[in-house]
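Structure file data.tsv (TSV, C-alpha atoms and all ligand atoms) is printed below.
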```tsv
chain	number	residue	atom	x	y	z
G	949	MET	CA	-17.68	27.31	-9.65
G	950	GLN	CA	-17.98	23.59	-9.09
G	951	LEU	CA	-19.16	22.44	-5.67
G	952	LYS	CA	-16.82	19.95	-4.05
G	953	PHE	CA	-18.29	17.09	-2.05
G	954	LYS	CA	-16.22	15.07	0.31
G	955	VAL	CA	-17.05	11.45	-0.46
G	956	PRO	CA	-16.40	9.20	2.53
G	957	ILE	CA	-14.22	6.14	2.04
G	958	PHE	CA	-16.79	4.14	4.01
G	959	ASP	CA	-20.39	5.18	4.49
G	960	VAL	CA	-22.24	2.73	6.71
G	961	LYS	CA	-25.98	3.06	7.31
G	962	ASN	CA	-28.19	1.06	9.68
G	963	LEU	CA	-26.00	-2.01	9.41
G	964	SER	CA	-27.14	-5.11	11.28
G	965	PHE	CA	-25.93	-8.69	11.36
G	966	ILE	CA	-27.98	-11.50	12.85
G	967	VAL	CA	-26.78	-15.10	12.85
G	968	HIS	CA	-28.77	-18.12	14.11
G	969	GLY	CA	-31.30	-15.69	15.58
G	970	GLN	CA	-28.53	-13.94	17.60
G	971	SER	CA	-27.84	-10.27	17.04
G	972	VAL	CA	-24.11	-9.72	16.48
G	973	LEU	CA	-24.30	-6.11	15.29
G	974	GLN	CA	-27.25	-3.74	15.58
G	975	ASN	CA	-27.95	-0.63	13.59
G	976	ILE	CA	-24.38	0.57	13.04
G	977	ASN	CA	-23.88	4.01	11.44
G	978	PHE	CA	-20.63	5.80	10.64
G	979	GLN	CA	-18.56	7.43	7.95
G	980	ILE	CA	-14.79	7.28	7.51
G	981	PHE	CA	-13.04	10.08	5.67
G	982	ASN	CA	-9.73	10.34	3.91
G	983	GLY	CA	-6.78	10.97	6.26
G	984	GLU	CA	-8.50	9.77	9.44
G	985	TYR	CA	-6.87	7.51	12.02
G	986	ILE	CA	-9.56	5.55	13.80
G	987	ALA	CA	-9.22	2.85	16.43
G	988	ILE	CA	-11.91	0.25	17.06
G	989	ILE	CA	-12.10	-1.29	20.51
G	990	GLY	CA	-14.59	-3.55	22.23
G	991	PRO	CA	-14.87	-6.77	24.20
G	992	ASN	CA	-14.09	-10.19	22.74
G	993	GLY	CA	-17.00	-11.36	20.66
G	994	GLY	CA	-18.37	-7.80	20.43
G	995	GLY	CA	-18.51	-7.93	16.63
G	996	LYS	CA	-15.39	-6.00	15.59
G	997	THR	CA	-14.08	-8.59	13.13
G	998	THR	CA	-17.57	-9.23	11.78
G	999	LEU	CA	-17.93	-5.52	11.08
G	1000	ILE	CA	-14.62	-5.40	9.20
G	1001	ARG	CA	-15.56	-8.51	7.22
G	1002	MET	CA	-18.77	-6.81	6.17
G	1003	LEU	CA	-16.88	-3.66	5.16
G	1004	LEU	CA	-14.73	-5.87	2.91
G	1005	GLY	CA	-17.70	-7.71	1.39
G	1006	LEU	CA	-16.66	-11.00	3.04
G	1007	GLU	CA	-19.81	-11.23	5.14
G	1008	LYS	CA	-23.30	-10.20	3.99
G	1009	PRO	CA	-25.17	-7.83	6.29
G	1010	THR	CA	-28.65	-8.91	7.38
G	1011	SER	CA	-29.79	-5.35	6.71
G	1012	GLY	CA	-28.36	-1.91	6.06
G	1013	GLU	CA	-26.07	-0.43	3.45
G	1014	ILE	CA	-22.34	0.00	2.92
G	1015	ARG	CA	-20.87	2.38	0.39
G	1016	LEU	CA	-17.20	2.42	-0.52
G	1017	PHE	CA	-15.82	5.56	-2.13
G	1018	GLY	CA	-19.42	6.50	-2.92
G	1019	LYS	CA	-20.27	3.17	-4.60
G	1020	LYS	CA	-22.59	0.46	-3.34
G	1021	LEU	CA	-20.56	-2.47	-2.10
G	1022	ARG	CA	-21.87	-4.87	-4.74
G	1023	SER	CA	-20.68	-2.63	-7.58
G	1024	PHE	CA	-17.34	-1.73	-5.98
G	1025	LYS	CA	-14.41	-3.26	-7.86
G	1026	GLU	CA	-11.30	-1.31	-6.83
G	1027	TRP	CA	-10.31	-3.52	-3.93
G	1028	TYR	CA	-6.64	-2.57	-4.27
G	1029	LYS	CA	-7.66	0.74	-2.67
G	1030	ILE	CA	-8.14	-1.13	0.58
G	1031	GLY	CA	-5.16	-2.67	2.33
G	1032	TYR	CA	-6.27	-5.30	4.82
G	1033	VAL	CA	-4.16	-7.13	7.38
G	1034	PRO	CA	-6.27	-9.76	9.14
G	1035	GLN	CA	-5.75	-11.25	12.60
G	1036	ARG	CA	-2.82	-13.64	12.79
G	1037	ALA	CA	-1.67	-12.65	9.27
G	1038	SER	CA	1.95	-12.78	10.35
G	1039	HIS	CA	1.84	-16.39	11.62
G	1040	VAL	CA	3.82	-18.15	8.91
G	1041	ASP	CA	5.48	-21.53	8.82
G	1042	ALA	CA	9.20	-21.37	9.67
G	1043	ASN	CA	10.01	-23.06	6.32
G	1044	PHE	CA	7.75	-20.90	4.17
G	1045	PRO	CA	9.79	-20.53	0.95
G	1046	ALA	CA	9.63	-16.78	0.35
G	1047	THR	CA	11.81	-13.78	1.11
G	1048	VAL	CA	10.51	-10.58	2.65
G	1049	GLU	CA	10.66	-8.91	-0.75
G	1050	ASP	CA	8.67	-11.77	-2.37
G	1051	ILE	CA	5.91	-11.34	0.21
G	1052	VAL	CA	5.73	-7.56	-0.20
G	1053	LYS	CA	5.65	-7.96	-4.01
G	1054	MET	CA	2.60	-10.20	-3.66
G	1055	GLY	CA	0.73	-7.15	-2.38
G	1056	ARG	CA	1.40	-5.44	-5.69
G	1057	ILE	CA	-0.56	-8.14	-7.56
G	1058	ALA	CA	-3.81	-6.73	-6.17
G	1059	LYS	CA	-3.07	-3.53	-8.03
G	1060	ARG	CA	-1.44	-4.84	-11.20
G	1061	GLY	CA	-3.06	-8.22	-11.79
G	1062	ILE	CA	-1.33	-11.57	-11.70
G	1063	PHE	CA	-0.08	-11.62	-15.30
G	1064	ALA	CA	1.34	-8.13	-15.49
G	1065	GLY	CA	5.13	-7.92	-15.59
G	1066	THR	CA	7.08	-5.96	-12.99
G	1067	SER	CA	7.45	-2.31	-13.96
G	1068	GLN	CA	9.83	0.30	-12.56
G	1069	GLU	CA	6.89	1.78	-10.70
G	1070	ASP	CA	6.15	-1.62	-9.08
G	1071	LYS	CA	9.75	-1.88	-7.92
G	1072	HIS	CA	9.65	1.61	-6.53
G	1073	VAL	CA	6.34	1.08	-4.67
G	1074	VAL	CA	7.53	-2.24	-3.19
G	1075	GLU	CA	10.78	-0.65	-2.02
G	1076	ASP	CA	8.94	2.36	-0.62
G	1077	ALA	CA	6.55	0.08	1.32
G	1078	MET	CA	9.54	-1.77	2.84
G	1079	LEU	CA	11.22	1.54	3.67
G	1080	LYS	CA	8.10	2.85	5.39
G	1081	MET	CA	7.82	-0.28	7.50
G	1082	ASP	CA	11.54	-0.25	8.27
G	1083	ILE	CA	12.27	-3.67	6.74
G	1084	LEU	CA	14.44	-2.73	3.76
G	1085	ASP	CA	17.50	-4.30	5.42
G	1086	LEU	CA	15.55	-7.58	5.79
G	1087	LYS	CA	14.41	-7.84	2.17
G	1088	ASP	CA	16.48	-10.93	1.28
G	1089	LYS	CA	15.71	-12.82	4.48
G	1090	MET	CA	13.33	-15.78	4.48
G	1091	VAL	CA	10.14	-14.60	6.10
G	1092	GLY	CA	9.89	-17.69	8.33
G	1093	THR	CA	13.14	-16.74	10.07
G	1094	LEU	CA	11.92	-13.32	11.24
G	1095	SER	CA	10.63	-12.33	14.67
G	1096	GLY	CA	6.90	-11.77	15.22
G	1097	GLY	CA	7.36	-7.99	15.18
G	1098	GLN	CA	9.33	-8.07	11.93
G	1099	ARG	CA	6.78	-10.34	10.25
G	1100	GLN	CA	4.03	-8.03	11.34
G	1101	ARG	CA	5.77	-5.13	9.57
G	1102	VAL	CA	6.21	-7.30	6.46
G	1103	MET	CA	2.44	-7.90	6.34
G	1104	ILE	CA	1.73	-4.18	6.59
G	1105	ALA	CA	4.29	-3.49	3.84
G	1106	ARG	CA	2.53	-6.09	1.68
G	1107	ALA	CA	-0.76	-4.25	2.20
G	1108	LEU	CA	0.93	-0.92	1.39
G	1109	ALA	CA	2.31	-2.33	-1.87
G	1110	SER	CA	-1.12	-2.14	-3.51
G	1111	SER	CA	-0.98	1.65	-2.93
G	1112	PRO	CA	-4.17	1.56	-0.85
G	1113	GLU	CA	-6.12	4.60	0.27
G	1114	ILE	CA	-7.05	3.00	3.55
G	1115	LEU	CA	-5.27	0.48	5.72
G	1116	ILE	CA	-7.42	-1.82	7.85
G	1117	LEU	CA	-5.64	-3.72	10.60
G	1118	ASP	CA	-7.31	-6.35	12.76
G	1119	GLU	CA	-5.36	-6.75	16.02
G	1120	PRO	CA	-2.04	-7.19	14.25
G	1121	ASN	CA	-0.11	-7.26	17.53
G	1122	THR	CA	-1.17	-10.64	18.84
G	1123	GLY	CA	1.97	-12.45	20.00
G	1124	VAL	CA	4.30	-9.50	19.40
G	1125	ASP	CA	6.59	-8.20	22.16
G	1126	VAL	CA	5.99	-4.78	23.72
G	1127	VAL	CA	9.09	-3.07	22.28
G	1128	SER	CA	8.16	-4.17	18.74
G	1129	GLN	CA	4.61	-2.98	19.34
G	1130	GLN	CA	5.84	0.49	20.33
G	1131	ARG	CA	7.96	0.69	17.20
G	1132	PHE	CA	5.01	-0.44	15.13
G	1133	TYR	CA	2.68	2.21	16.61
G	1134	LYS	CA	5.23	4.91	15.80
G	1135	LEU	CA	5.44	3.73	12.19
G	1136	LEU	CA	1.65	3.76	11.88
G	1137	ALA	CA	1.38	7.27	13.35
G	1138	LYS	CA	4.03	8.45	10.89
G	1139	LEU	CA	2.21	6.81	8.00
G	1140	ASN	CA	-0.96	8.69	8.96
G	1141	LYS	CA	0.65	12.06	9.72
G	1142	GLU	CA	3.28	12.26	7.00
G	1143	ASP	CA	1.69	10.27	4.16
G	1144	GLY	CA	-1.93	11.03	5.02
G	1145	MET	CA	-2.77	7.31	5.04
G	1146	THR	CA	-6.25	6.59	6.38
G	1147	ILE	CA	-6.05	3.92	9.07
G	1148	LEU	CA	-8.74	1.79	10.70
G	1149	PHE	CA	-7.21	-0.19	13.50
G	1150	ILE	CA	-8.80	-2.83	15.72
G	1151	THR	CA	-6.73	-2.89	18.87
G	1152	HIS	CA	-6.70	-3.57	22.58
G	1153	ASP	CA	-3.85	-1.15	23.19
G	1154	ILE	CA	-5.96	1.96	23.16
G	1155	GLY	CA	-4.09	3.59	26.05
G	1156	VAL	CA	-0.90	3.51	24.00
G	1157	ILE	CA	-2.20	4.98	20.76
G	1158	ALA	CA	-4.71	7.44	22.24
G	1159	ASP	CA	-2.46	10.37	21.33
G	1160	ASP	CA	-2.19	9.26	17.70
G	1161	ILE	CA	-5.80	8.54	16.79
G	1162	GLY	CA	-8.44	11.04	15.78
G	1163	ARG	CA	-11.56	9.04	16.62
G	1164	LEU	CA	-12.47	5.97	18.58
G	1165	PHE	CA	-15.26	3.52	17.73
G	1166	THR	CA	-16.34	1.17	20.49
G	1167	ILE	CA	-18.15	-1.85	19.13
G	1168	ASN	CA	-20.20	-4.05	21.40
G	1169	GLN	CA	-23.16	-5.10	19.25
G	1170	LYS	CA	-23.80	-1.37	18.88
G	1171	ALA	CA	-21.30	1.29	17.90
G	1172	THR	CA	-20.40	4.31	19.99
G	1173	ILE	CA	-18.46	6.91	18.09
G	1174	CYS	CA	-16.17	9.08	20.17
G	1175	ASN	CA	-14.63	12.15	18.53
G	1176	ASP	CA	-12.32	12.91	21.43
G	1177	PRO	CA	-10.66	9.60	22.36
G	1178	LYS	CA	-8.75	10.96	25.36
G	1179	LYS	CA	-12.00	11.85	27.09
G	1180	ALA	CA	-13.40	8.36	26.59
G	1181	LEU	CA	-10.50	6.68	28.30
G	1182	SER	CA	-11.67	6.73	31.88
G	1183	CYS	CA	-10.87	3.54	33.75
G	1184	GLU	CA	-14.56	2.99	34.41
G	1185	GLU	CA	-15.36	3.01	30.74
G	1186	MET	CA	-12.46	0.74	29.93
G	1187	SER	CA	-13.51	-1.71	32.64
G	1188	GLU	CA	-17.04	-1.69	31.34
G	1189	LEU	CA	-15.88	-2.33	27.81
G	1190	TYR	CA	-13.37	-5.02	28.49
G	1191	GLY	CA	-14.60	-6.51	31.71
G	1192	ILE	CA	-11.00	-6.48	32.99
G	1193	ASP	CA	-8.86	-4.29	35.24
G	1194	ALA	CA	-8.47	-1.19	33.12
G	1195	HIS	CA	-5.54	0.14	35.17
G	1196	LEU	CA	-3.36	-2.38	33.40
G	1197	ILE	CA	-4.07	-0.74	30.10
G	1198	HIS	CA	-3.37	2.77	31.34
G	1199	ASN	CA	-0.17	1.83	33.15
G	1200	HIS	CA	1.01	0.16	29.98
G	1201	LYS	CA	1.44	3.62	28.46
G	1202	HIS	CA	4.05	4.58	31.01
G	1203	GLU	CA	6.13	1.43	30.77
G	1204	HIS	CA	8.79	3.01	28.55
B	1301	LIG	N1	-20.86	-16.34	10.21
B	1301	LIG	C1	-21.02	-16.49	11.52
B	1301	LIG	N2	-21.64	-17.59	12.01
B	1301	LIG	C2	-21.82	-17.76	13.32
B	1301	LIG	N3	-21.42	-16.88	14.26
B	1301	LIG	C3	-20.81	-15.78	13.84
B	1301	LIG	C4	-20.56	-15.52	12.46
B	1301	LIG	N4	-19.93	-14.35	12.35
B	1301	LIG	C5	-19.77	-13.89	13.61
B	1301	LIG	N5	-20.29	-14.72	14.49
B	1301	LIG	C6	-20.34	-14.55	15.96
B	1301	LIG	O1	-20.42	-13.17	16.20
B	1301	LIG	C7	-19.76	-12.83	17.42
B	1301	LIG	C8	-18.80	-11.67	17.18
B	1301	LIG	O2	-17.58	-12.17	16.67
B	1301	LIG	P1	-16.39	-11.25	16.21
B	1301	LIG	O3	-15.25	-12.14	15.85
B	1301	LIG	O4	-16.85	-10.29	15.18
B	1301	LIG	O5	-16.04	-10.44	17.55
B	1301	LIG	P2	-14.75	-9.59	17.87
B	1301	LIG	O6	-15.24	-8.35	18.53
B	1301	LIG	O7	-13.91	-9.43	16.65
B	1301	LIG	O8	-14.03	-10.54	18.93
B	1301	LIG	P3	-12.46	-10.76	19.24
B	1301	LIG	O9	-11.98	-9.54	19.94
B	1301	LIG	O10	-12.49	-11.98	20.12
B	1301	LIG	O11	-11.78	-11.02	17.94
B	1301	LIG	C9	-19.09	-14.08	17.91
B	1301	LIG	O12	-19.91	-14.64	18.92
B	1301	LIG	C10	-19.07	-14.96	16.66
B	1301	LIG	O13	-19.07	-16.32	16.99
```
Please lay out the structure from this file as structure tokens.
Amino acid sequence: MQLKFKVPIFDVKNLSFIVHGQSVLQNINFQIFNGEYIAIIGPNGGGKTTLIRMLLGLEKPTSGEIRLFGKKLRSFKEWYKIGYVPQRASHVDANFPATVEDIVKMGRIAKRGIFAGTSQEDKHVVEDAMLKMDILDLKDKMVGTLSGGQRQRVMIARALASSPEILILDEPNTGVDVVSQQRFYKLLAKLNKEDGMTILFITHDIGVIADDIGRLFTINQKATICNDPKKALSCEEMSELYGIDAHLIHNHKHEH
């Protein structure tokens, strides 16, 4: 009988990042497995975005090692397996000349290459991504005419169009109204539960998604991994992490 090993999607060992003599991240260790839903929180400037950029090979660690799907980062080529939505991705010019469908199709290029024609499978995946993000009825609209919440869902659908195995979202809710945010969180939870999509989500709204996530990483130069997020959500801890009145975050959950 063959032994089965569970290869983590990300395997991060002793990762540090120092810039201009300042330590941004120190000795970070974690693994992320298929099907997990993980939130990353931490204060502004705590190193969350830097960590994600290193996971994506956009920033070189000062020391440590990152493996993706078992491969060393420098030999990893299958980037379509990772769907990434950066901060402010949905800020587009009002006159940007593309429909919702055009934008989502662009995500497919990562998987198929720029010169490949459009196959039936491509059409199906693009439509499915729009369906999952609840934007099928908007497909012919110009993206610049959409609301912030709708554009945000378009950007996630674009990431889904490359059929990724993990979705990485960096604070995608900036400038989006609360009702749209709630809708968005529900869609993400569904994506994780029903489709088994692995999600890594940098957010400030931890009180709202605490019931959905499996693990919580707090990043403030160092990483603290919490396997039971609900227990970590005491107001004291939130205050310490954010340096703000944590009651606001908890009350937020009961607004609707
Ligand atoms: N290449 C770089 N050169 C100089 N400074 C850098 C570089 N990369 C990151 N930093 C610094 O590292 C710190 C962490 O920034 P980072 O954006 O990762 O934090 P963050 O936790 O994502 O913050 P926020 O919540 O505000 O987005 C900041 O002080 C930033 O200026």
Considering all atoms listed in the file, return as a count of residues only whatever protein or nucleic-acid residues lie within 12 Å of range 1090-1102 of chain G, sequence-local ones (same chain, fewer than 5 positions apart) excluded. 57
So how far away is CA of Thr1166 in chain G from CA of Glu1007 in chain G, in Å?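 Between CA of Glu1007 in chain G and CA of Thr1166 in chain G the gap works out to 20.0 Å.
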Can you tell me how far CA of Leu1139 in chain G sits from CA of Trp1027 in chain G, in Å to one decimal?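 Those two atoms sit 20.1 Å apart.
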Around ligand LIG 1301 (chain B), which protein and nucleic acid residues have at least one atom no more than 9 Å from it, if we count only C-alpha atoms and all ligand atoms? List them as a PDB file with C-alpha atoms, keeping the file's coordinate frame.
```
ATOM      1  CA  PHE G 965     -25.930  -8.690  11.360  1.00  0.00           C
ATOM      2  CA  ILE G 966     -27.980 -11.500  12.850  1.00  0.00           C
ATOM      3  CA  VAL G 967     -26.780 -15.100  12.850  1.00  0.00           C
ATOM      4  CA  HIS G 968     -28.770 -18.120  14.110  1.00  0.00           C
ATOM      5  CA  GLN G 970     -28.530 -13.940  17.600  1.00  0.00           C
ATOM      6  CA  SER G 971     -27.840 -10.270  17.040  1.00  0.00           C
ATOM      7  CA  VAL G 972     -24.110  -9.720  16.480  1.00  0.00           C
ATOM      8  CA  LEU G 973     -24.300  -6.110  15.290  1.00  0.00           C
ATOM      9  CA  ILE G 989     -12.100  -1.290  20.510  1.00  0.00           C
ATOM     10  CA  GLY G 990     -14.590  -3.550  22.230  1.00  0.00           C
ATOM     11  CA  PRO G 991     -14.870  -6.770  24.200  1.00  0.00           C
ATOM     12  CA  ASN G 992     -14.090 -10.190  22.740  1.00  0.00           C
ATOM     13  CA  GLY G 993     -17.000 -11.360  20.660  1.00  0.00           C
ATOM     14  CA  GLY G 994     -18.370  -7.800  20.430  1.00  0.00           C
ATOM     15  CA  GLY G 995     -18.510  -7.930  16.630  1.00  0.00           C
ATOM     16  CA  LYS G 996     -15.390  -6.000  15.590  1.00  0.00           C
ATOM     17  CA  THR G 997     -14.080  -8.590  13.130  1.00  0.00           C
ATOM     18  CA  THR G 998     -17.570  -9.230  11.780  1.00  0.00           C
ATOM     19  CA  LEU G 999     -17.930  -5.520  11.080  1.00  0.00           C
ATOM     20  CA  ILE G1000     -14.620  -5.400   9.200  1.00  0.00           C
ATOM     21  CA  ARG G1001     -15.560  -8.510   7.220  1.00  0.00           C
ATOM     22  CA  GLU G1007     -19.810 -11.230   5.140  1.00  0.00           C
ATOM     23  CA  GLN G1035      -5.750 -11.250  12.600  1.00  0.00           C
ATOM     24  CA  ASP G1118      -7.310  -6.350  12.760  1.00  0.00           C
ATOM     25  CA  GLU G1119      -5.360  -6.750  16.020  1.00  0.00           C
ATOM     26  CA  ILE G1150      -8.800  -2.830  15.720  1.00  0.00           C
ATOM     27  CA  THR G1151      -6.730  -2.890  18.870  1.00  0.00           C
ATOM     28  CA  HIS G1152      -6.700  -3.570  22.580  1.00  0.00           C
ATOM     29  CA  ILE G1167     -18.150  -1.850  19.130  1.00  0.00           C
ATOM     30  CA  ASN G1168     -20.200  -4.050  21.400  1.00  0.00           C
ATOM     31  CA  GLN G1169     -23.160  -5.100  19.250  1.00  0.00           C
TER      32      GLN G1169
END
```
Between CA of Asn1175 in chain G and CA of Asn982 in chain G, what is the spacing in Å?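 A separation of 15.5 Å between them.
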ask   = Within 9 Å of Ile976 in chain G, counting all atoms listed in the file, which residues qualify if same-chain residues fewer than 6 places away don't, as number ranges by chain?
value = G: 960-964, 1012, 1169-1172
**Request:** Would you list the contacts of Gly1031 in chain G as a list in words, taking every protein, DNA or RNA residue within 10 Å and counting all atoms listed in the file, but skipping same-chain residues closer than 5 positions in sequence?
**Result:**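 These residues fall inside the cut-off: Gly1055, Ala1058, Ile1104, Ala1105, Arg1106, Ala1107, Leu1108, Ala1109, Ser1110, Ser1111, Pro1112, Glu1113, Ile1114, Leu1115, Ile1116, Leu1117 and Ile1147 of chain G.
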List as a PDB file with C-alpha atoms, in the frame of the given file: which residues have an atom within 9 Å of (-10.0, 6.5, 17.4), counting only C-alpha atoms?
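Writing the result to out_23.pdb gives the following:
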```
ATOM      1  CA  GLU G 984      -8.500   9.770   9.440  1.00  0.00           C
ATOM      2  CA  TYR G 985      -6.870   7.510  12.020  1.00  0.00           C
ATOM      3  CA  ILE G 986      -9.560   5.550  13.800  1.00  0.00           C
ATOM      4  CA  ALA G 987      -9.220   2.850  16.430  1.00  0.00           C
ATOM      5  CA  ILE G 988     -11.910   0.250  17.060  1.00  0.00           C
ATOM      6  CA  ILE G 989     -12.100  -1.290  20.510  1.00  0.00           C
ATOM      7  CA  LEU G1148      -8.740   1.790  10.700  1.00  0.00           C
ATOM      8  CA  PHE G1149      -7.210  -0.190  13.500  1.00  0.00           C
ATOM      9  CA  ILE G1154      -5.960   1.960  23.160  1.00  0.00           C
ATOM     10  CA  ILE G1157      -2.200   4.980  20.760  1.00  0.00           C
ATOM     11  CA  ALA G1158      -4.710   7.440  22.240  1.00  0.00           C
ATOM     12  CA  ASP G1160      -2.190   9.260  17.700  1.00  0.00           C
ATOM     13  CA  ILE G1161      -5.800   8.540  16.790  1.00  0.00           C
ATOM     14  CA  GLY G1162      -8.440  11.040  15.780  1.00  0.00           C
ATOM     15  CA  ARG G1163     -11.560   9.040  16.620  1.00  0.00           C
ATOM     16  CA  LEU G1164     -12.470   5.970  18.580  1.00  0.00           C
ATOM     17  CA  PHE G1165     -15.260   3.520  17.730  1.00  0.00           C
ATOM     18  CA  THR G1166     -16.340   1.170  20.490  1.00  0.00           C
ATOM     19  CA  ILE G1173     -18.460   6.910  18.090  1.00  0.00           C
ATOM     20  CA  CYS G1174     -16.170   9.080  20.170  1.00  0.00           C
ATOM     21  CA  ASN G1175     -14.630  12.150  18.530  1.00  0.00           C
ATOM     22  CA  ASP G1176     -12.320  12.910  21.430  1.00  0.00           C
ATOM     23  CA  PRO G1177     -10.660   9.600  22.360  1.00  0.00           C
TER      24      PRO G1177
END
```
Need the axis-aligned box for range 1069-1079 of chain G with 4 Å each side, so what are the centre and edges in Å to one decimal, as JSON?
```
{"center_x": 8.7, "center_y": 0.1, "center_z": -3.5, "size_x": 13.1, "size_y": 12.6, "size_z": 22.4}
```
